[in-house]
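Novice: Input structure: entry38.cif, which contains mmCIF, C-alpha atoms and all ligand atoms.
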data_input
#
loop_
_atom_site.label_atom_id
_atom_site.label_comp_id
_atom_site.auth_asym_id
_atom_site.auth_seq_id
_atom_site.Cartn_x
_atom_site.Cartn_y
_atom_site.Cartn_z
CA SER A 357 0.35 -34.74 216.48
CA ASP A 358 2.81 -32.19 215.12
CA LEU A 359 3.83 -30.89 218.54
CA ASN A 360 7.59 -30.49 218.80
CA LEU A 361 7.97 -31.74 222.37
CA GLN A 362 11.76 -31.37 222.35
CA LYS A 363 11.46 -27.68 221.53
CA ILE A 364 8.88 -27.19 224.26
CA HIS A 365 11.08 -29.10 226.72
CA ASP A 366 14.06 -26.85 225.89
CA LEU A 367 12.01 -23.68 226.37
CA LEU A 368 10.65 -24.96 229.69
CA ILE A 369 14.21 -25.54 230.94
CA GLU A 370 15.16 -21.96 230.04
CA VAL A 371 12.07 -20.68 231.83
CA ALA A 372 12.84 -22.88 234.86
CA HIS A 373 16.33 -21.45 235.13
CA GLU A 374 14.99 -17.91 234.98
CA ALA A 375 12.46 -18.79 237.69
CA GLY A 376 15.28 -20.23 239.79
CA ARG A 377 17.20 -16.97 239.60
CA MET A 378 14.11 -15.09 240.75
CA MET A 379 13.64 -17.44 243.71
CA LEU A 380 17.26 -17.27 244.83
CA SER A 381 17.39 -13.47 244.67
CA ALA A 382 14.16 -13.04 246.66
CA ARG A 383 14.20 -12.60 250.41
CA PRO A 384 10.90 -14.06 251.53
CA SER A 385 9.87 -13.99 255.16
CA ASN A 386 6.90 -14.87 257.29
CA GLU A 387 6.02 -11.20 257.55
CA SER A 388 6.15 -10.55 253.83
CA SER A 389 4.16 -13.62 252.82
CA GLY A 390 0.42 -13.87 252.76
CA THR A 391 -1.89 -16.77 253.34
CA LYS A 392 -4.62 -18.27 251.16
CA LYS A 393 -7.23 -20.57 252.67
CA ASN A 394 -5.62 -20.78 256.13
CA THR A 395 -2.42 -19.89 258.00
CA ALA A 396 -0.58 -22.97 256.67
CA ASP A 397 -1.33 -22.14 253.02
CA LEU A 398 1.36 -19.61 252.12
CA VAL A 399 1.88 -17.44 249.07
CA THR A 400 4.57 -14.84 248.43
CA GLU A 401 5.13 -12.01 245.96
CA THR A 402 7.69 -14.28 244.33
CA ASP A 403 5.10 -17.00 243.62
CA ARG A 404 3.05 -14.41 241.75
CA ALA A 405 6.01 -12.79 239.99
CA VAL A 406 7.35 -16.15 238.80
CA GLU A 407 3.95 -17.23 237.53
CA ALA A 408 3.55 -13.93 235.64
CA MET A 409 6.96 -14.36 234.00
CA VAL A 410 6.22 -17.98 233.08
CA SER A 411 2.79 -17.32 231.65
CA THR A 412 4.05 -14.38 229.60
CA ARG A 413 6.85 -16.44 228.09
CA LEU A 414 4.77 -19.55 227.44
CA THR A 415 1.65 -17.88 226.11
CA SER A 416 3.66 -15.70 223.74
CA ALA A 417 5.57 -18.72 222.42
CA TYR A 418 2.46 -20.95 222.26
CA PRO A 419 -0.58 -18.67 222.00
CA THR A 420 -2.98 -21.49 221.10
CA PHE A 421 -2.19 -23.60 224.18
CA SER A 422 -4.11 -23.38 227.42
CA PHE A 423 -2.38 -22.29 230.60
CA ILE A 424 -3.20 -23.31 234.18
CA GLY A 425 -1.15 -21.84 237.01
CA GLU A 426 -1.59 -22.27 240.74
CA GLU A 427 -1.70 -18.56 241.50
CA THR A 428 -4.15 -17.58 238.77
CA TYR A 429 -6.43 -20.62 239.05
CA THR A 430 -10.07 -19.87 239.74
CA PRO A 431 -12.59 -22.52 240.82
CA GLY A 432 -14.59 -23.89 237.93
CA LEU A 433 -11.65 -23.92 235.55
CA THR A 434 -11.39 -27.34 233.93
CA LEU A 435 -8.65 -29.19 232.15
CA THR A 436 -9.62 -29.83 228.53
CA ALA A 437 -8.00 -32.11 225.94
CA ALA A 438 -6.14 -29.13 224.44
CA PRO A 439 -2.38 -28.85 224.96
CA THR A 440 -2.13 -27.21 228.38
CA PHE A 441 0.82 -25.87 230.31
CA ILE A 442 0.29 -26.67 233.98
CA VAL A 443 2.52 -24.63 236.26
CA ASP A 444 3.33 -24.35 239.92
CA PRO A 445 5.67 -21.34 240.10
CA ILE A 446 6.96 -22.38 243.54
CA ASP A 447 6.06 -25.83 244.77
CA GLY A 448 7.08 -25.92 248.39
CA THR A 449 6.29 -22.29 249.21
CA THR A 450 6.50 -23.05 252.94
CA ASN A 451 10.07 -24.30 252.45
CA PHE A 452 10.81 -21.21 250.34
CA VAL A 453 9.63 -18.91 253.14
CA HIS A 454 11.70 -20.79 255.73
CA ASN A 455 14.75 -21.17 253.49
CA PHE A 456 14.50 -24.98 253.73
CA PRO A 457 16.21 -26.05 250.50
CA ALA A 458 13.41 -28.15 249.00
CA PHE A 459 11.37 -25.97 246.71
CA CYS A 460 11.10 -25.94 242.95
CA ILE A 461 9.27 -24.81 239.90
CA SER A 462 7.06 -27.45 238.31
CA LEU A 463 6.33 -27.09 234.59
CA GLY A 464 4.19 -29.66 232.83
CA LEU A 465 2.65 -29.97 229.40
CA VAL A 466 -0.46 -32.12 229.31
CA VAL A 467 -2.19 -33.18 226.08
CA ALA A 468 -5.53 -34.99 226.21
CA HIS A 469 -5.07 -35.29 230.00
CA VAL A 470 -1.75 -37.10 229.52
CA PRO A 471 1.45 -35.46 230.84
CA VAL A 472 3.90 -35.41 227.92
CA VAL A 473 6.65 -33.07 229.15
CA GLY A 474 7.75 -32.54 232.73
CA ILE A 475 10.38 -30.16 234.10
CA VAL A 476 11.04 -29.82 237.84
CA TYR A 477 13.87 -27.54 238.94
CA ASN A 478 15.22 -27.07 242.47
CA PRO A 479 17.31 -23.88 242.34
CA CYS A 480 18.90 -24.37 245.79
CA LEU A 481 20.56 -27.61 244.73
CA ASP A 482 20.63 -26.67 241.02
CA GLU A 483 18.99 -30.04 240.32
CA LEU A 484 16.92 -30.38 237.17
CA TYR A 485 14.55 -33.31 236.57
CA THR A 486 13.26 -33.62 233.01
CA ALA A 487 11.21 -35.97 230.88
CA ILE A 488 9.53 -36.20 227.52
CA LYS A 489 6.97 -38.95 227.16
CA GLY A 490 8.57 -41.91 225.41
CA SER A 491 12.15 -40.62 225.79
CA GLY A 492 13.06 -41.41 229.40
CA ALA A 493 13.56 -39.27 232.48
CA PHE A 494 16.75 -37.54 233.53
CA LEU A 495 18.37 -35.78 236.45
CA THR A 496 20.96 -33.11 235.74
CA ARG A 497 23.02 -31.98 238.70
CA ASN A 498 24.72 -28.57 238.45
CA SER A 499 22.38 -27.92 235.58
CA LEU A 500 23.38 -24.26 235.13
CA THR A 501 26.93 -25.19 234.19
CA GLN A 502 26.16 -28.54 232.60
CA LYS A 503 27.87 -28.66 229.24
CA ASN A 504 27.28 -32.11 227.86
CA SER A 505 24.93 -35.03 228.14
CA ALA A 506 27.40 -36.93 230.34
CA ASP A 507 26.11 -34.78 233.21
CA LYS A 508 22.63 -36.14 232.61
CA LEU A 509 21.72 -39.17 234.70
CA LYS A 510 19.09 -41.47 233.27
CA LEU A 511 16.52 -42.28 235.94
CA PRO A 512 16.26 -44.26 238.03
CA HIS A 513 19.96 -43.80 238.72
CA ARG A 514 19.85 -46.20 241.61
CA GLU A 515 18.09 -49.50 241.17
CA PRO A 516 17.38 -50.66 244.73
CA GLU A 517 16.26 -54.13 245.65
CA LYS A 518 13.00 -55.55 244.38
CA LEU A 519 9.84 -54.03 245.79
CA GLU A 520 8.96 -56.66 248.36
CA ASN A 521 6.62 -55.04 250.81
CA LEU A 522 5.87 -51.74 252.49
CA SER A 523 7.96 -52.52 255.54
CA THR A 524 11.13 -52.12 253.45
CA CYS A 525 10.05 -48.78 252.00
CA LEU A 526 11.08 -45.21 252.72
CA VAL A 527 7.79 -43.37 252.31
CA GLY A 528 7.15 -39.71 251.52
CA ALA A 529 3.86 -38.33 252.79
CA GLU A 530 2.59 -34.81 253.36
CA TRP A 531 0.30 -33.03 255.79
CA GLY A 532 -0.50 -30.41 253.13
CA SER A 533 -2.41 -27.35 254.25
CA ASP A 534 -5.88 -28.89 254.69
CA ARG A 535 -5.85 -29.94 258.34
CA SER A 536 -9.48 -30.01 259.32
CA GLY A 537 -12.30 -32.53 259.54
CA SER A 538 -12.09 -35.63 257.38
CA ASN A 539 -8.93 -34.35 255.67
CA PHE A 540 -7.08 -34.33 258.96
CA ALA A 541 -8.53 -37.70 259.95
CA LEU A 542 -7.38 -39.31 256.71
CA LYS A 543 -3.88 -37.83 256.96
CA SER A 544 -3.52 -38.81 260.61
CA GLN A 545 -4.62 -42.33 259.77
CA VAL A 546 -2.04 -42.64 256.99
CA PHE A 547 0.81 -41.46 259.21
CA THR A 548 -0.29 -43.57 262.17
CA ARG A 549 -0.87 -46.78 260.23
CA LEU A 550 2.38 -46.51 258.26
CA ALA A 551 4.40 -45.91 261.42
CA ALA A 552 2.72 -48.53 263.63
CA ALA A 553 4.45 -51.78 264.50
CA LYS A 554 3.35 -54.69 262.34
CA ALA A 555 1.94 -56.41 265.40
CA ASP A 556 -0.64 -53.59 265.53
CA GLY A 557 -1.65 -54.20 261.93
CA GLY A 558 0.43 -51.25 260.72
CA ALA A 559 3.02 -51.32 257.96
CA MET A 560 5.98 -50.20 260.06
CA VAL A 561 7.79 -48.68 257.09
CA HIS A 562 11.50 -47.80 257.34
CA SER A 563 10.46 -44.20 257.92
CA ILE A 564 8.22 -41.38 256.74
CA ARG A 565 9.53 -38.18 255.14
CA CYS A 566 7.69 -34.87 254.69
CA LEU A 567 9.78 -33.08 252.08
CA GLY A 568 7.26 -30.29 251.58
CA SER A 569 6.98 -30.32 247.79
CA ALA A 570 4.77 -32.77 245.94
CA ALA A 571 6.72 -32.27 242.70
CA LEU A 572 10.06 -33.01 244.39
CA ASN A 573 8.50 -35.98 246.17
CA LEU A 574 7.54 -37.48 242.79
CA CYS A 575 11.08 -36.84 241.52
CA MET A 576 12.53 -38.54 244.61
CA VAL A 577 10.43 -41.61 243.80
CA ALA A 578 11.40 -41.40 240.11
CA SER A 579 15.08 -41.40 241.04
CA GLY A 580 14.72 -44.19 243.60
CA GLN A 581 15.63 -41.96 246.56
CA GLN A 582 12.34 -42.85 248.21
CA ASP A 583 10.10 -45.78 247.35
CA VAL A 584 6.58 -44.46 247.77
CA PHE A 585 4.87 -41.06 247.99
CA TRP A 586 1.36 -40.48 249.27
CA GLU A 587 -0.61 -37.28 249.45
CA GLY A 588 -4.30 -36.55 249.87
CA GLY A 589 -5.30 -33.31 248.17
CA CYS A 590 -2.89 -32.73 245.29
CA TRP A 591 -3.79 -30.41 242.44
CA ALA A 592 -2.82 -30.64 238.79
CA TRP A 593 0.07 -28.17 239.18
CA ASP A 594 1.52 -30.25 242.03
CA VAL A 595 1.71 -33.44 239.96
CA ALA A 596 1.63 -32.75 236.19
CA ALA A 597 5.40 -32.48 235.66
CA GLY A 598 6.46 -35.05 238.24
CA TRP A 599 3.95 -37.50 236.81
CA CYS A 600 5.67 -37.53 233.40
CA ILE A 601 9.09 -37.85 235.06
CA LEU A 602 7.95 -40.68 237.32
CA LEU A 603 6.33 -42.73 234.54
CA GLU A 604 9.32 -42.28 232.26
CA ALA A 605 11.53 -43.59 235.07
CA GLY A 606 9.42 -46.74 235.28
CA GLY A 607 7.36 -45.71 238.29
CA MET A 608 3.61 -45.73 238.61
CA ILE A 609 1.00 -43.36 239.99
CA VAL A 610 -2.48 -44.29 241.09
CA GLY A 611 -5.32 -42.61 242.90
CA GLY A 612 -7.56 -43.56 245.76
CA ASN A 613 -10.38 -43.87 243.25
CA PRO A 614 -9.62 -46.64 240.79
CA GLY A 615 -10.15 -45.65 237.17
CA GLN A 616 -9.50 -41.94 237.66
CA TRP A 617 -5.76 -41.91 237.35
CA GLU A 618 -5.39 -38.84 235.23
CA VAL A 619 -4.24 -35.34 236.01
CA ALA A 620 -7.19 -33.39 237.35
CA VAL A 621 -7.86 -29.90 238.60
CA ASP A 622 -9.15 -30.80 242.04
CA GLY A 623 -7.51 -32.00 245.21
CA ARG A 624 -7.09 -35.74 244.78
CA VAL A 625 -5.39 -38.55 246.63
CA TYR A 626 -2.29 -39.72 244.80
CA LEU A 627 0.00 -42.65 245.48
CA ALA A 628 3.28 -42.99 243.58
CA ILE A 629 5.51 -46.08 243.54
CA ARG A 630 9.06 -46.23 242.23
CA GLY A 631 10.21 -48.44 239.37
CA GLY A 632 10.57 -52.16 239.85
CA GLU A 633 8.73 -55.04 238.27
CA GLU A 634 5.06 -54.40 237.77
CA GLU A 635 4.08 -57.24 240.06
CA GLY A 636 5.97 -55.70 242.99
CA GLN A 637 4.43 -52.30 242.29
CA LYS A 638 0.94 -53.75 242.31
CA LYS A 639 1.63 -55.61 245.54
CA ILE A 640 2.77 -52.39 247.23
CA VAL A 641 -0.34 -50.54 246.05
CA GLU A 642 -2.61 -53.26 247.40
CA GLU A 643 -0.74 -53.45 250.67
CA PHE A 644 -0.79 -49.67 251.05
CA TRP A 645 -4.57 -49.34 250.66
CA GLY A 646 -5.03 -52.42 252.82
CA VAL A 647 -3.08 -50.83 255.66
CA VAL A 648 -4.25 -47.21 255.47
CA GLY A 649 -7.63 -47.45 253.71
CA GLU A 650 -8.35 -45.82 250.34
CA GLY A 651 -9.59 -42.54 251.81
C1 LIG B 1 2.26 -27.56 248.27
C2 LIG B 1 3.39 -28.53 248.39
C3 LIG B 1 3.20 -29.42 249.61
C4 LIG B 1 1.89 -30.14 249.58
C5 LIG B 1 0.74 -29.17 249.37
C6 LIG B 1 0.98 -28.30 248.16
P1 LIG B 1 2.67 -25.15 247.18
O1 LIG B 1 2.40 -26.76 247.12
O2 LIG B 1 3.47 -29.34 247.24
O3 LIG B 1 4.19 -30.44 249.66
O4 LIG B 1 1.74 -30.83 250.78
O5 LIG B 1 -0.42 -29.95 249.18
O6 LIG B 1 -0.08 -27.37 248.06
O7 LIG B 1 1.46 -24.54 247.83
O8 LIG B 1 3.89 -24.96 247.98
O9 LIG B 1 2.80 -24.77 245.75
#
In structure tokens, how does this file's structure come out?
Specialist:
Amino acid sequence: SDLNLQKIHDLLIEVAHEAGRMMLSARPSNESSGTKKNTADLVTETDRAVEAMVSTRLTSAYPTFSFIGEETYTPGLTLTAAPTFIVDPIDGTTNFVHNFPAFCISLGLVVAHVPVVGIVYNPCLDELYTAIKGSGAFLTRNSLTQKNSADKLKLPHREPEKLENLSTCLVGAEWGSDRSGSNFALKSQVFTRLAAAKADGGAMVHSIRCLGSAALNLCMVASGQQDVFWEGGCWAWDVAAGWCILLEAGGMIVGGNPGQWEVAVDGRVYLAIRGGEEEGQKKIVEEFWGVVGEG
């Protein structure tokens, strides 16, 4: 295709930095934030303001592209093969409200259901994760003042030992905001079975982290700072950008339903594994579903 992905990538970084400034100058609080489907599903004025800024900038620069944003999504909207910007203005809104420094903007471009550009920016740490399909994934620390490519780290920047088995893994997993019925049962099972001693048939992983942002979780796996990330109920805007970054860093992402491993606009189960030889990755996937069930 004649898409200039580098140009899109550069614009998305500019937009991400502007979004970061908006987040850092906001003063969100429990009182000023609203809830969506339940009391654990938060949204703030800043989520909406950032999404409005992003959609204005992207749709004026690329009027023929589709745009999907978390705050303007309406049920029934589907992801087509057309070039589509997929945006979460603040991923980790709960962290944002509590001033826990793990929230970000997630900007993805997906073409024919394949993520081809991914930008994830954490304004608190000024850490920028970027990827263009086929060109590698990068982490830029101090990205606002970064002047040359020497500040860009090619991911994964740390190549840990081979992927042997789950019991040597640091695992990211999330409770998300759906905590009822079978959703809660599945999540509880994942946490319980990963934590349990091996003698009980569990995986007994090194530990489990709940960072609170699916996009940052994928970037942590891409950079080798955690080995595995699991979440049941991710939406396209949670994963589109991180997906591109993870794959470009040599990681893999799979779903609970084999054969449906593409970005989709519905809450799906996703499992991400860091880079390592393919055989080790496959072993971890098998072991993971064997221990916790496919859900
Ligand atoms: C949420 C975060 C959280 C995950 C939820 C997401 P939001 O996104 O990514 O880690 O557990 O499933 O909805 O609502 O903060 O944009």
Novice: What residues have any atom no more than 8 Å from ligand LIG 1 (chain B) when counting only C-alpha atoms and all ligand atoms, and can you list them as number ranges by chain?
Specialist: A: 397-399, 426, 444-451, 459, 530-534, 566-571, 573, 587-591, 593-594
Novice: Near Ala597 (chain A), counting all atoms listed in the file, which residues have an atom at most 10 Å away, once you skip same-chain residues fewer than 3 positions from it, shown as number ranges by chain?
Specialist: A: 441-444, 461-466, 471-476, 485-488, 571-572, 574-575, 592-594, 600-602
Novice: Show me, as a PyMOL selection string, the residues that have an atom within 9 Å of Leu603 (chain A) when counting all atoms listed in the file, minus same-chain residues fewer than 4 positions from it.
Specialist: chain A and resi 489+492-493+578+598-599+607-609+630-631
Novice: Which residue gives the smallest distance to Glu401 (chain A) among A:Arg383, A:Arg514, A:Arg413, A:His562, with all atoms listed in the file counted?
Specialist: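 That would be A:Arg383, the residue with the smallest distance to Glu401 (chain A).
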Novice: Rounded to one decimal, what separation in Å do you get between CA of Phe423 (chain A) and CA of Met409 (chain A)?
Specialist: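 CA of Phe423 (chain A) sits 12.7 Å away from CA of Met409 (chain A).
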Novice: Could you tell me how far CA of Arg535 (chain A) sits from CA of Thr428 (chain A), in Å to one decimal place?
Specialist: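 Value for the CA of Thr428 (chain A)-CA of Arg535 (chain A) distance: 23.2 Å.
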Novice: Which residue gives the smallest distance to Trp617 (chain A) among A:Cys525, A:Ala553, A:Val470, A:Ala405, with only C-alpha atoms counted?
Specialist: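 Of the candidates, the smallest distance to Trp617 (chain A) is held by A:Val470.
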Novice: Find, counting all atoms listed in the file, the residue in A:Thr402, A:Pro384, A:Tyr429, A:Gly390 that gets nearest to His454 (chain A).
Specialist: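 Once distances to His454 (chain A) are computed over all atoms listed in the file, the minimum belongs to A:Pro384.
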Novice: Would you mind reading off the distance between CA of Val371 (chain A) and CA of Val410 (chain A), one decimal, in Å?
Specialist: 6.6 Å
Novice: May I ask which of the residues A:Pro431, A:Phe452, A:Asn360, A:Asp366 is the closest one to Leu380 (chain A), counting only C-alpha atoms?
Specialist: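 Using only C-alpha atoms, the shortest distance to Leu380 (chain A) belongs to A:Phe452.
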